[in-house]
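Participant: Please find work_9.cif (mmCIF, C-alpha atoms) on the next line:
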data_query
#
loop_
_atom_site.group_PDB
_atom_site.id
_atom_site.type_symbol
_atom_site.label_atom_id
_atom_site.label_comp_id
_atom_site.auth_asym_id
_atom_site.auth_seq_id
_atom_site.Cartn_x
_atom_site.Cartn_y
_atom_site.Cartn_z
ATOM 1 C CA MET L 1 92.320 217.426 -108.884
ATOM 2 C CA THR L 2 94.952 215.560 -106.879
ATOM 3 C CA ASP L 3 92.104 214.083 -104.864
ATOM 4 C CA LEU L 4 90.509 212.704 -108.016
ATOM 5 C CA VAL L 5 93.757 211.168 -109.270
ATOM 6 C CA ILE L 6 94.460 209.595 -105.896
ATOM 7 C CA ALA L 7 90.910 208.326 -105.519
ATOM 8 C CA ALA L 8 91.084 206.765 -108.980
ATOM 9 C CA LEU L 9 94.439 205.126 -108.216
ATOM 10 C CA CYS L 10 93.193 203.810 -104.853
ATOM 11 C CA LEU L 11 90.043 202.436 -106.466
ATOM 12 C CA PHE L 12 92.143 200.789 -109.156
ATOM 13 C CA ALA L 13 94.439 199.256 -106.524
ATOM 14 C CA VAL L 14 91.468 197.878 -104.598
ATOM 15 C CA TRP L 15 89.715 196.617 -107.722
ATOM 16 C CA THR L 16 92.792 194.823 -109.070
ATOM 17 C CA GLY L 17 93.413 193.459 -105.571
ATOM 18 C CA TRP L 18 89.902 192.049 -105.578
ATOM 19 C CA ARG L 19 90.417 190.588 -109.056
ATOM 20 C CA VAL L 20 93.376 188.589 -107.696
ATOM 21 C CA PHE L 21 90.968 186.200 -105.995
ATOM 22 C CA ARG L 22 88.323 186.287 -108.714
ATOM 23 C CA VAL L 23 90.104 185.496 -111.993
ATOM 24 C CA ASP L 24 90.319 181.907 -113.209
ATOM 25 C CA SER L 25 93.977 181.943 -114.151
ATOM 26 C CA MET L 26 96.678 182.159 -111.528
ATOM 27 C CA VAL L 27 99.006 183.926 -113.934
ATOM 28 C CA ARG L 28 96.317 186.549 -114.471
ATOM 29 C CA ALA L 29 95.967 186.741 -110.682
ATOM 30 C CA SER L 30 99.642 187.533 -110.242
ATOM 31 C CA PHE L 31 99.526 190.202 -112.936
ATOM 32 C CA SER L 32 96.442 191.659 -111.285
ATOM 33 C CA LEU L 33 98.361 191.858 -108.018
ATOM 34 C CA MET L 34 101.178 193.567 -109.890
ATOM 35 C CA LEU L 35 98.750 196.207 -111.184
ATOM 36 C CA SER L 36 97.588 196.780 -107.622
ATOM 37 C CA PHE L 37 101.169 197.390 -106.520
ATOM 38 C CA VAL L 38 101.784 199.682 -109.498
ATOM 39 C CA ALA L 39 98.754 201.756 -108.489
ATOM 40 C CA VAL L 40 100.087 202.055 -104.921
ATOM 41 C CA GLY L 41 103.472 203.050 -106.301
ATOM 42 C CA ALA L 42 101.788 205.711 -108.429
ATOM 43 C CA VAL L 43 100.024 207.044 -105.323
ATOM 44 C CA GLY L 44 103.488 207.336 -103.770
ATOM 45 C CA VAL L 45 104.737 209.314 -106.776
ATOM 46 C CA VAL L 46 101.739 211.664 -106.627
ATOM 47 C CA LEU L 47 102.144 212.092 -102.865
ATOM 48 C CA SER L 48 105.745 213.368 -103.239
ATOM 49 C CA ALA L 49 107.454 210.077 -102.422
ATOM 50 C CA PRO L 50 108.883 209.383 -105.889
ATOM 51 C CA TYR L 51 111.682 207.135 -104.692
ATOM 52 C CA ILE L 52 109.401 204.838 -102.704
ATOM 53 C CA GLY L 53 106.818 204.812 -105.492
ATOM 54 C CA ILE L 54 109.189 203.982 -108.337
ATOM 55 C CA ALA L 55 111.052 201.429 -106.219
ATOM 56 C CA THR L 56 107.742 199.734 -105.396
ATOM 57 C CA ILE L 57 106.819 199.553 -109.067
ATOM 58 C CA PHE L 58 110.188 198.103 -110.125
ATOM 59 C CA MET L 59 110.393 195.647 -107.266
ATOM 60 C CA MET L 60 106.838 194.393 -107.675
ATOM 61 C CA ALA L 61 107.112 194.079 -111.453
ATOM 62 C CA VAL L 62 110.052 191.707 -111.000
ATOM 63 C CA GLU L 63 108.489 189.946 -108.038
ATOM 64 C CA MET L 64 105.275 189.204 -109.881
ATOM 65 C CA MET L 65 107.218 187.805 -112.850
ATOM 66 C CA VAL L 66 108.815 185.367 -110.391
ATOM 67 C CA MET L 67 105.370 184.717 -108.920
ATOM 68 C CA ALA L 68 103.978 183.934 -112.380
ATOM 69 C CA ILE L 69 106.761 181.389 -112.929
ATOM 70 C CA PHE L 70 105.859 179.715 -109.638
ATOM 71 C CA MET L 71 102.228 179.707 -110.691
ATOM 72 C CA VAL L 72 103.111 177.809 -113.852
ATOM 73 C CA MET L 73 105.340 175.433 -111.867
ATOM 74 C CA PHE L 74 102.956 174.523 -109.082
ATOM 75 C CA MET L 75 99.419 175.190 -110.079
ATOM 76 C CA MET L 76 96.924 172.874 -111.680
ATOM 77 C CA ASN L 77 95.196 175.647 -113.542
ATOM 78 C CA PRO L 78 97.823 178.208 -114.551
ATOM 79 C CA ALA L 79 96.272 179.071 -117.890
ATOM 80 C CA GLY L 80 92.727 179.577 -116.709
ATOM 81 C CA LEU L 81 91.198 177.098 -119.140
ATOM 82 C CA ASN L 82 88.681 175.949 -116.544
ATOM 83 C CA PRO L 83 86.767 177.934 -113.970
ATOM 84 C CA MET L 84 88.802 177.884 -110.777
ATOM 85 C CA VAL L 85 87.418 177.838 -107.273
ATOM 86 C CA MET L 86 89.913 176.684 -104.706
ATOM 87 C CA VAL L 87 88.741 178.059 -101.415
ATOM 88 C CA HIS L 88 88.037 176.674 -97.985
ATOM 89 C CA GLN L 89 86.216 178.220 -95.017
ATOM 90 C CA HIS L 90 84.896 180.742 -97.481
ATOM 91 C CA ARG L 91 82.263 182.287 -95.212
ATOM 92 C CA VAL L 92 84.634 182.689 -92.257
ATOM 93 C CA ALA L 93 87.238 184.291 -94.501
ATOM 94 C CA ALA L 94 84.739 186.690 -96.066
ATOM 95 C CA VAL L 95 83.411 187.722 -92.656
ATOM 96 C CA ALA L 96 86.944 188.205 -91.297
ATOM 97 C CA GLY L 97 87.943 190.307 -94.299
ATOM 98 C CA GLY L 98 84.776 192.390 -94.072
ATOM 99 C CA LEU L 99 85.231 192.910 -90.345
ATOM 100 C CA ALA L 100 88.856 193.954 -90.834
ATOM 101 C CA PHE L 101 87.816 196.480 -93.467
ATOM 102 C CA ALA L 102 84.885 197.773 -91.409
ATOM 103 C CA GLY L 103 86.981 198.144 -88.264
ATOM 104 C CA LEU L 104 89.838 199.897 -90.026
ATOM 105 C CA ALA L 105 87.459 202.131 -91.982
ATOM 106 C CA ALA L 106 85.652 203.102 -88.786
ATOM 107 C CA ALA L 107 88.999 203.929 -87.180
ATOM 108 C CA VAL L 108 89.956 206.027 -90.214
ATOM 109 C CA LEU L 109 86.669 207.938 -90.171
ATOM 110 C CA ALA L 110 86.714 208.446 -86.412
ATOM 111 C CA ALA L 111 90.342 209.509 -86.144
ATOM 112 C CA ASP L 112 91.438 213.094 -86.351
ATOM 113 C CA PRO L 113 94.999 212.927 -87.682
ATOM 114 C CA PRO L 114 97.230 215.968 -87.944
ATOM 115 C CA ALA L 115 97.183 217.669 -91.319
ATOM 116 C CA ALA L 116 100.806 218.534 -91.954
ATOM 117 C CA ARG L 117 101.460 218.004 -95.660
ATOM 118 C CA VAL L 118 104.898 217.743 -97.164
ATOM 119 C CA ALA L 119 106.041 221.311 -97.841
ATOM 120 C CA THR L 120 106.177 222.038 -101.561
ATOM 121 C CA GLY L 121 109.705 222.094 -102.867
ATOM 122 C CA THR L 122 111.049 219.655 -100.291
ATOM 123 C CA ASP L 123 113.655 217.305 -101.760
ATOM 124 C CA THR L 124 112.222 214.155 -100.226
ATOM 125 C CA VAL L 125 114.629 211.814 -101.992
ATOM 126 C CA ALA L 126 117.627 213.658 -100.565
ATOM 127 C CA ALA L 127 115.949 213.618 -97.144
ATOM 128 C CA LEU L 128 115.505 209.854 -97.416
ATOM 129 C CA GLY L 129 119.137 209.389 -98.407
ATOM 130 C CA HIS L 130 120.408 211.460 -95.488
ATOM 131 C CA GLU L 131 118.122 209.525 -93.150
ATOM 132 C CA LEU L 132 119.241 206.124 -94.463
ATOM 133 C CA LEU L 133 122.938 206.887 -94.220
ATOM 134 C CA GLY L 134 122.618 209.062 -91.120
ATOM 135 C CA PRO L 135 120.457 208.618 -88.035
ATOM 136 C CA SER L 136 118.761 205.426 -89.266
ATOM 137 C CA MET L 137 121.809 203.690 -90.622
ATOM 138 C CA LEU L 138 121.546 200.843 -88.135
ATOM 139 C CA ILE L 139 117.997 200.046 -89.299
ATOM 140 C CA PHE L 140 119.119 200.157 -92.913
ATOM 141 C CA GLU L 141 122.058 197.847 -92.233
ATOM 142 C CA THR L 142 119.836 195.491 -90.256
ATOM 143 C CA ALA L 143 117.513 195.237 -93.232
ATOM 144 C CA GLY L 144 120.508 194.337 -95.404
ATOM 145 C CA VAL L 145 121.656 191.589 -93.032
ATOM 146 C CA THR L 146 118.063 190.324 -92.803
ATOM 147 C CA LEU L 147 117.926 190.018 -96.582
ATOM 148 C CA LEU L 148 121.237 188.144 -96.557
ATOM 149 C CA ALA L 149 119.890 185.729 -93.932
ATOM 150 C CA THR L 150 116.782 185.324 -96.084
ATOM 151 C CA MET L 151 118.884 184.359 -99.084
ATOM 152 C CA VAL L 152 120.788 181.761 -97.059
ATOM 153 C CA GLY L 153 117.560 180.407 -95.573
ATOM 154 C CA ALA L 154 115.804 180.214 -98.940
ATOM 155 C CA VAL L 155 118.697 178.305 -100.510
ATOM 156 C CA ILE L 156 118.900 175.872 -97.599
ATOM 157 C CA LEU L 157 115.145 175.305 -97.457
ATOM 158 C CA SER L 158 114.765 174.678 -101.156
ATOM 159 C CA SER L 159 117.875 172.589 -101.847
ATOM 160 C CA ARG L 160 117.256 168.941 -102.494
ATOM 161 C CA ARG L 161 120.443 167.767 -100.844
ATOM 162 C CA GLY L 162 121.882 168.973 -97.592
ATOM 163 C CA ARG L 163 125.563 169.104 -96.800
ATOM 164 C CA PHE L 164 125.560 165.658 -95.187
ATOM 165 C CA GLY L 165 123.213 163.817 -97.518
ATOM 166 C CA PRO L 166 119.589 163.939 -98.607
ATOM 167 C CA ALA L 167 117.630 166.668 -96.890
ATOM 168 C CA ASP L 168 115.033 164.267 -95.441
ATOM 169 C CA ASP L 169 117.571 161.681 -94.273
ATOM 170 C CA GLY L 170 117.001 162.110 -90.565
ATOM 171 C CA SER L 171 113.248 162.441 -90.834
ATOM 172 C CA ARG L 172 112.510 159.104 -92.496
ATOM 173 C CA PRO L 173 111.182 156.454 -90.122
ATOM 174 C CA PRO L 174 113.283 153.317 -89.612
ATOM 175 C CA GLY L 175 112.216 150.017 -91.179
ATOM 176 C CA LEU L 176 109.849 147.612 -89.450
ATOM 177 C CA GLU L 177 112.538 144.914 -89.610
ATOM 178 C CA PRO L 178 116.230 145.754 -89.542
ATOM 179 C CA GLY L 179 117.450 146.847 -92.932
ATOM 180 C CA GLY L 180 113.896 146.885 -94.343
ATOM 181 C CA PRO L 181 112.235 149.711 -96.225
ATOM 182 C CA PRO L 182 111.189 152.706 -94.109
ATOM 183 C CA ALA L 183 107.852 152.345 -92.369
ATOM 184 C CA GLY L 184 104.899 154.604 -92.862
ATOM 185 C CA ARG L 185 103.587 156.530 -95.814
ATOM 186 C CA GLN L 186 106.043 157.202 -98.603
ATOM 187 C CA PRO L 187 105.903 160.417 -100.592
ATOM 188 C CA GLU L 188 104.204 159.784 -103.910
ATOM 189 C CA GLY L 189 106.516 159.840 -106.874
ATOM 190 C CA GLY L 190 109.468 159.319 -104.558
ATOM 191 C CA GLY L 191 110.016 163.021 -104.032
ATOM 192 C CA GLY L 192 113.370 163.596 -102.464
ATOM 193 C CA HIS L 193 114.559 160.035 -102.981
ATOM 194 C CA HIS L 194 116.013 160.278 -106.460
ATOM 195 C CA HIS L 195 119.507 158.955 -106.655
ATOM 196 C CA HIS L 196 119.955 159.268 -110.396
ATOM 197 C CA HIS L 197 118.886 162.073 -112.673
ATOM 198 C CA MET W 1 90.016 214.448 -97.454
ATOM 199 C CA THR W 2 92.886 212.992 -99.483
ATOM 200 C CA LEU W 3 94.210 211.225 -96.410
ATOM 201 C CA THR W 4 90.791 209.683 -95.743
ATOM 202 C CA ILE W 5 90.613 208.360 -99.312
ATOM 203 C CA VAL W 6 94.085 206.857 -99.107
ATOM 204 C CA LEU W 7 93.482 205.258 -95.711
ATOM 205 C CA LEU W 8 90.119 203.832 -96.793
ATOM 206 C CA GLY W 9 91.838 202.311 -99.824
ATOM 207 C CA ALA W 10 94.492 200.830 -97.542
ATOM 208 C CA ALA W 11 91.792 199.411 -95.255
ATOM 209 C CA ALA W 12 90.068 197.801 -98.247
ATOM 210 C CA LEU W 13 93.344 196.265 -99.431
ATOM 211 C CA ILE W 14 94.005 194.830 -95.973
ATOM 212 C CA GLY W 15 90.474 193.419 -95.781
ATOM 213 C CA ILE W 16 90.727 191.775 -99.209
ATOM 214 C CA GLY W 17 94.174 190.430 -98.366
ATOM 215 C CA LEU W 18 92.912 188.919 -95.120
ATOM 216 C CA TYR W 19 90.041 187.295 -96.992
ATOM 217 C CA GLY W 20 92.468 185.833 -99.531
ATOM 218 C CA ALA W 21 94.971 184.600 -96.965
ATOM 219 C CA LEU W 22 92.234 182.829 -95.005
ATOM 220 C CA SER W 23 90.252 181.417 -97.920
ATOM 221 C CA GLN W 24 92.735 180.266 -100.552
ATOM 222 C CA GLN W 25 93.763 176.642 -100.601
ATOM 223 C CA SER W 26 96.842 176.992 -102.747
ATOM 224 C CA PHE W 27 100.005 178.163 -101.004
ATOM 225 C CA VAL W 28 100.926 180.636 -103.702
ATOM 226 C CA MET W 29 97.483 182.249 -103.702
ATOM 227 C CA LEU W 30 97.643 182.420 -99.908
ATOM 228 C CA MET W 31 100.907 184.321 -100.206
ATOM 229 C CA MET W 32 99.270 186.723 -102.628
ATOM 230 C CA GLY W 33 96.797 187.534 -99.851
ATOM 231 C CA LEU W 34 99.701 188.291 -97.496
ATOM 232 C CA GLU W 35 101.295 190.494 -100.150
ATOM 233 C CA LEU W 36 98.031 192.363 -100.593
ATOM 234 C CA MET W 37 97.884 193.105 -96.858
ATOM 235 C CA LEU W 38 101.446 194.451 -96.979
ATOM 236 C CA ASN W 39 100.410 196.520 -99.995
ATOM 237 C CA GLY W 40 97.708 198.126 -97.862
ATOM 238 C CA ALA W 41 100.206 198.788 -95.083
ATOM 239 C CA LEU W 42 102.548 200.433 -97.578
ATOM 240 C CA LEU W 43 99.746 202.622 -98.925
ATOM 241 C CA ALA W 44 98.761 203.722 -95.430
ATOM 242 C CA ALA W 45 102.384 204.480 -94.519
ATOM 243 C CA ILE W 46 102.899 206.590 -97.639
ATOM 244 C CA GLY W 47 99.632 208.460 -97.094
ATOM 245 C CA LEU W 48 100.263 209.229 -93.434
ATOM 246 C CA TRP W 49 103.842 210.257 -94.112
ATOM 247 C CA SER W 50 102.874 212.609 -96.927
ATOM 248 C CA LEU W 51 99.623 214.102 -95.662
ATOM 249 C CA ALA W 52 99.717 213.981 -91.871
ATOM 250 C CA LEU W 53 103.313 213.958 -90.700
ATOM 251 C CA GLY W 54 104.730 216.718 -92.874
ATOM 252 C CA GLY W 55 107.207 214.425 -94.621
ATOM 253 C CA MET W 56 109.418 213.416 -91.737
ATOM 254 C CA PRO W 57 112.245 211.254 -93.158
ATOM 255 C CA GLU W 58 111.556 208.347 -90.781
ATOM 256 C CA GLY W 59 108.230 207.801 -92.546
ATOM 257 C CA GLN W 60 109.954 206.932 -95.811
ATOM 258 C CA LEU W 61 112.221 204.615 -93.845
ATOM 259 C CA LEU W 62 109.135 202.767 -92.606
ATOM 260 C CA ALA W 63 108.038 202.277 -96.223
ATOM 261 C CA ILE W 64 111.472 200.842 -97.028
ATOM 262 C CA VAL W 65 111.139 198.438 -94.089
ATOM 263 C CA VAL W 66 107.723 197.312 -95.387
ATOM 264 C CA MET W 67 109.272 196.622 -98.783
ATOM 265 C CA ALA W 68 112.068 194.601 -97.186
ATOM 266 C CA VAL W 69 109.439 192.573 -95.320
ATOM 267 C CA MET W 70 107.703 191.870 -98.636
ATOM 268 C CA ALA W 71 110.934 190.599 -100.166
ATOM 269 C CA VAL W 72 111.680 188.378 -97.155
ATOM 270 C CA GLU W 73 108.153 186.996 -97.148
ATOM 271 C CA MET W 74 108.282 186.119 -100.838
ATOM 272 C CA ALA W 75 111.705 184.459 -100.687
ATOM 273 C CA VAL W 76 111.097 182.394 -97.555
ATOM 274 C CA GLY W 77 107.535 181.599 -98.615
ATOM 275 C CA PHE W 78 108.555 180.224 -101.986
ATOM 276 C CA ALA W 79 111.400 178.279 -100.406
ATOM 277 C CA LEU W 80 108.889 176.681 -98.025
ATOM 278 C CA VAL W 81 106.545 175.889 -100.933
ATOM 279 C CA VAL W 82 109.407 174.149 -102.742
ATOM 280 C CA ALA W 83 110.475 172.277 -99.595
ATOM 281 C CA ILE W 84 106.947 171.052 -98.841
ATOM 282 C CA TYR W 85 106.430 170.028 -102.445
ATOM 283 C CA ARG W 86 109.663 168.032 -102.388
ATOM 284 C CA LYS W 87 108.726 166.307 -99.179
ATOM 285 C CA ARG W 88 104.993 165.747 -99.579
ATOM 286 C CA GLN W 89 104.145 166.475 -103.208
ATOM 287 C CA ALA W 90 101.721 168.994 -101.707
ATOM 288 C CA ASP W 91 100.673 172.368 -103.061
ATOM 289 C CA MET W 92 97.453 172.803 -101.088
ATOM 290 C CA THR W 93 97.008 173.633 -97.428
ATOM 291 C CA GLU W 94 94.778 170.570 -96.927
ATOM 292 C CA SER W 95 97.617 168.266 -97.945
ATOM 293 C CA ILE W 96 99.619 169.136 -94.857
ATOM 294 C CA GLY W 97 96.755 168.562 -92.446
ATOM 295 C CA THR W 98 99.037 166.450 -90.263
ATOM 296 C CA LEU W 99 100.438 169.738 -89.001
ATOM 297 C CA ALA W 100 97.038 170.563 -87.465
ATOM 298 C CA GLY W 101 97.051 170.340 -83.686
#
Give the structure from the file, written as structure tokens.

Facilitator:
Amino acid sequence: MTDLVIAALCLFAVWTGWRVFRVDSMVRASFSLMLSFVAVGAVGVVLSAPYIGIATIFMMAVEMMVMAIFMVMFMMNPAGLNPMVMVHQHRVAAVAGGLAFAGLAAAVLAADPPAARVATGTDTVAALGHELLGPSMLIFETAGVTLLATMVGAVILSSRRGRFGPADDGSRPPGLEPGGPPAGRQPEGGGGHHHHH
Amino acid sequence: MTLTIVLLGAAALIGIGLYGALSQQSFVMLMMGLELMLNGALLAAIGLWSLALGGMPEGQLLAIVVMAVMAVEMAVGFALVVAIYRKRQADMTESIGTLAG
């Protein structure tokens, strides 16, 4: 019975993962990816890792909402009104993906892993808490500092203006004659060069 | 049996994710391929922890680390997309071909 549920969830995760690259709308693609994550989270819940499973579902639901906003911001075909094919090196990519799956699947089928299941009645959430705030506290804290560094890096990377002027100030080429306009190709639409808004 | 199913599902997710990351032209779709690969890694970690390792606590910690990696990848990835768009008006990998060696 558990096998059937888990097989169905895994199939659903793989199918929705495949749909990500097959639907015409990028918003639909991000929701498809969210369904894939939800299925993996549900596998976690079934396999006695409720904390990890539920946390995955919550985190990915929010993350894919953000992803959908970025889709609408950046993509030429967010609503899926036209058929969308935006791929390059399609054959190479398909072969690489197939080889990765075949190799990993062969390893899975050839391996003989131990078969120690989680003992029924184990409080896995409490075990995780004791691990996080006990022996593995340093890893946990490192992850926190890494996330802080990520926040700082994301803000700096995406801000239009640095602390000492426009972000691309030092990377613009000098003019061909002194005081002239910068040489070379200019970004279309003057991205990054707005002085008034 | 259950473990084999879970690990085969994880292998399929990683294969599809690799295909997407290599084939998509748009940065955001490329990142979805990366996310899908991490999804497979998470599934494999949960399965091995629950069905092969007898629920040792460090296994759940590994899953937490994978989730932190996902968050970092999304945040830095989107920041890079915004930065490249500001600088080059580019949202496709071909548009930054000057980075090619």

Participant: Evaluating the PyMOL selection byres ((chain L and resi 12) around 12) on the displayed file yields which residues, as number ranges by chain?

Facilitator: L: 5-11, 13-19, 32-43; W: 6, 9-10, 12-13

Participant: Keeping only C-alpha atoms, write the selected residues as a compact mmCIF listing (two decimals), in the coordinates of the input.

Facilitator:
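Done, and the output landed in result.txt:
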# COMPACT_ATOMS: atom_id res chain seq x y z
CA VAL L 5 93.76 211.17 -109.27
CA ILE L 6 94.46 209.60 -105.90
CA ALA L 7 90.91 208.33 -105.52
CA ALA L 8 91.08 206.76 -108.98
CA LEU L 9 94.44 205.13 -108.22
CA CYS L 10 93.19 203.81 -104.85
CA LEU L 11 90.04 202.44 -106.47
CA ALA L 13 94.44 199.26 -106.52
CA VAL L 14 91.47 197.88 -104.60
CA TRP L 15 89.72 196.62 -107.72
CA THR L 16 92.79 194.82 -109.07
CA GLY L 17 93.41 193.46 -105.57
CA TRP L 18 89.90 192.05 -105.58
CA ARG L 19 90.42 190.59 -109.06
CA SER L 32 96.44 191.66 -111.28
CA LEU L 33 98.36 191.86 -108.02
CA MET L 34 101.18 193.57 -109.89
CA LEU L 35 98.75 196.21 -111.18
CA SER L 36 97.59 196.78 -107.62
CA PHE L 37 101.17 197.39 -106.52
CA VAL L 38 101.78 199.68 -109.50
CA ALA L 39 98.75 201.76 -108.49
CA VAL L 40 100.09 202.06 -104.92
CA GLY L 41 103.47 203.05 -106.30
CA ALA L 42 101.79 205.71 -108.43
CA VAL L 43 100.02 207.04 -105.32
CA VAL W 6 94.08 206.86 -99.11
CA GLY W 9 91.84 202.31 -99.82
CA ALA W 10 94.49 200.83 -97.54
CA ALA W 12 90.07 197.80 -98.25
CA LEU W 13 93.34 196.26 -99.43

Participant: Since I can't run it myself right now, could you work out what the PyMOL selection byres ((chain L) within 7 of (chain W)) selects here and report it as number ranges by chain?

Facilitator: L: 3, 7, 10-11, 14, 17-18, 21, 37, 40, 44, 47-48, 74, 86-90, 93-94, 96-98, 100-101, 104-105, 108, 113-119, 127-128, 131, 143, 147, 150, 154, 157-158, 187-188, 191-192

Participant: Just how far from atom CA of L:Met71 is atom CA of L:Leu148, in Å to one decimal?

Facilitator: 25.1 Å

Participant: What does the distance from atom CA of L:Met65 to atom CA of L:Met151 come to in Å, to one decimal?

Facilitator: 18.4 Å

Participant: One decimal, Å: what's the distance from atom CA of L:Glu63 over to atom CA of L:Glu141, could you say?

Facilitator: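 Those two atoms sit 22.3 Å apart.
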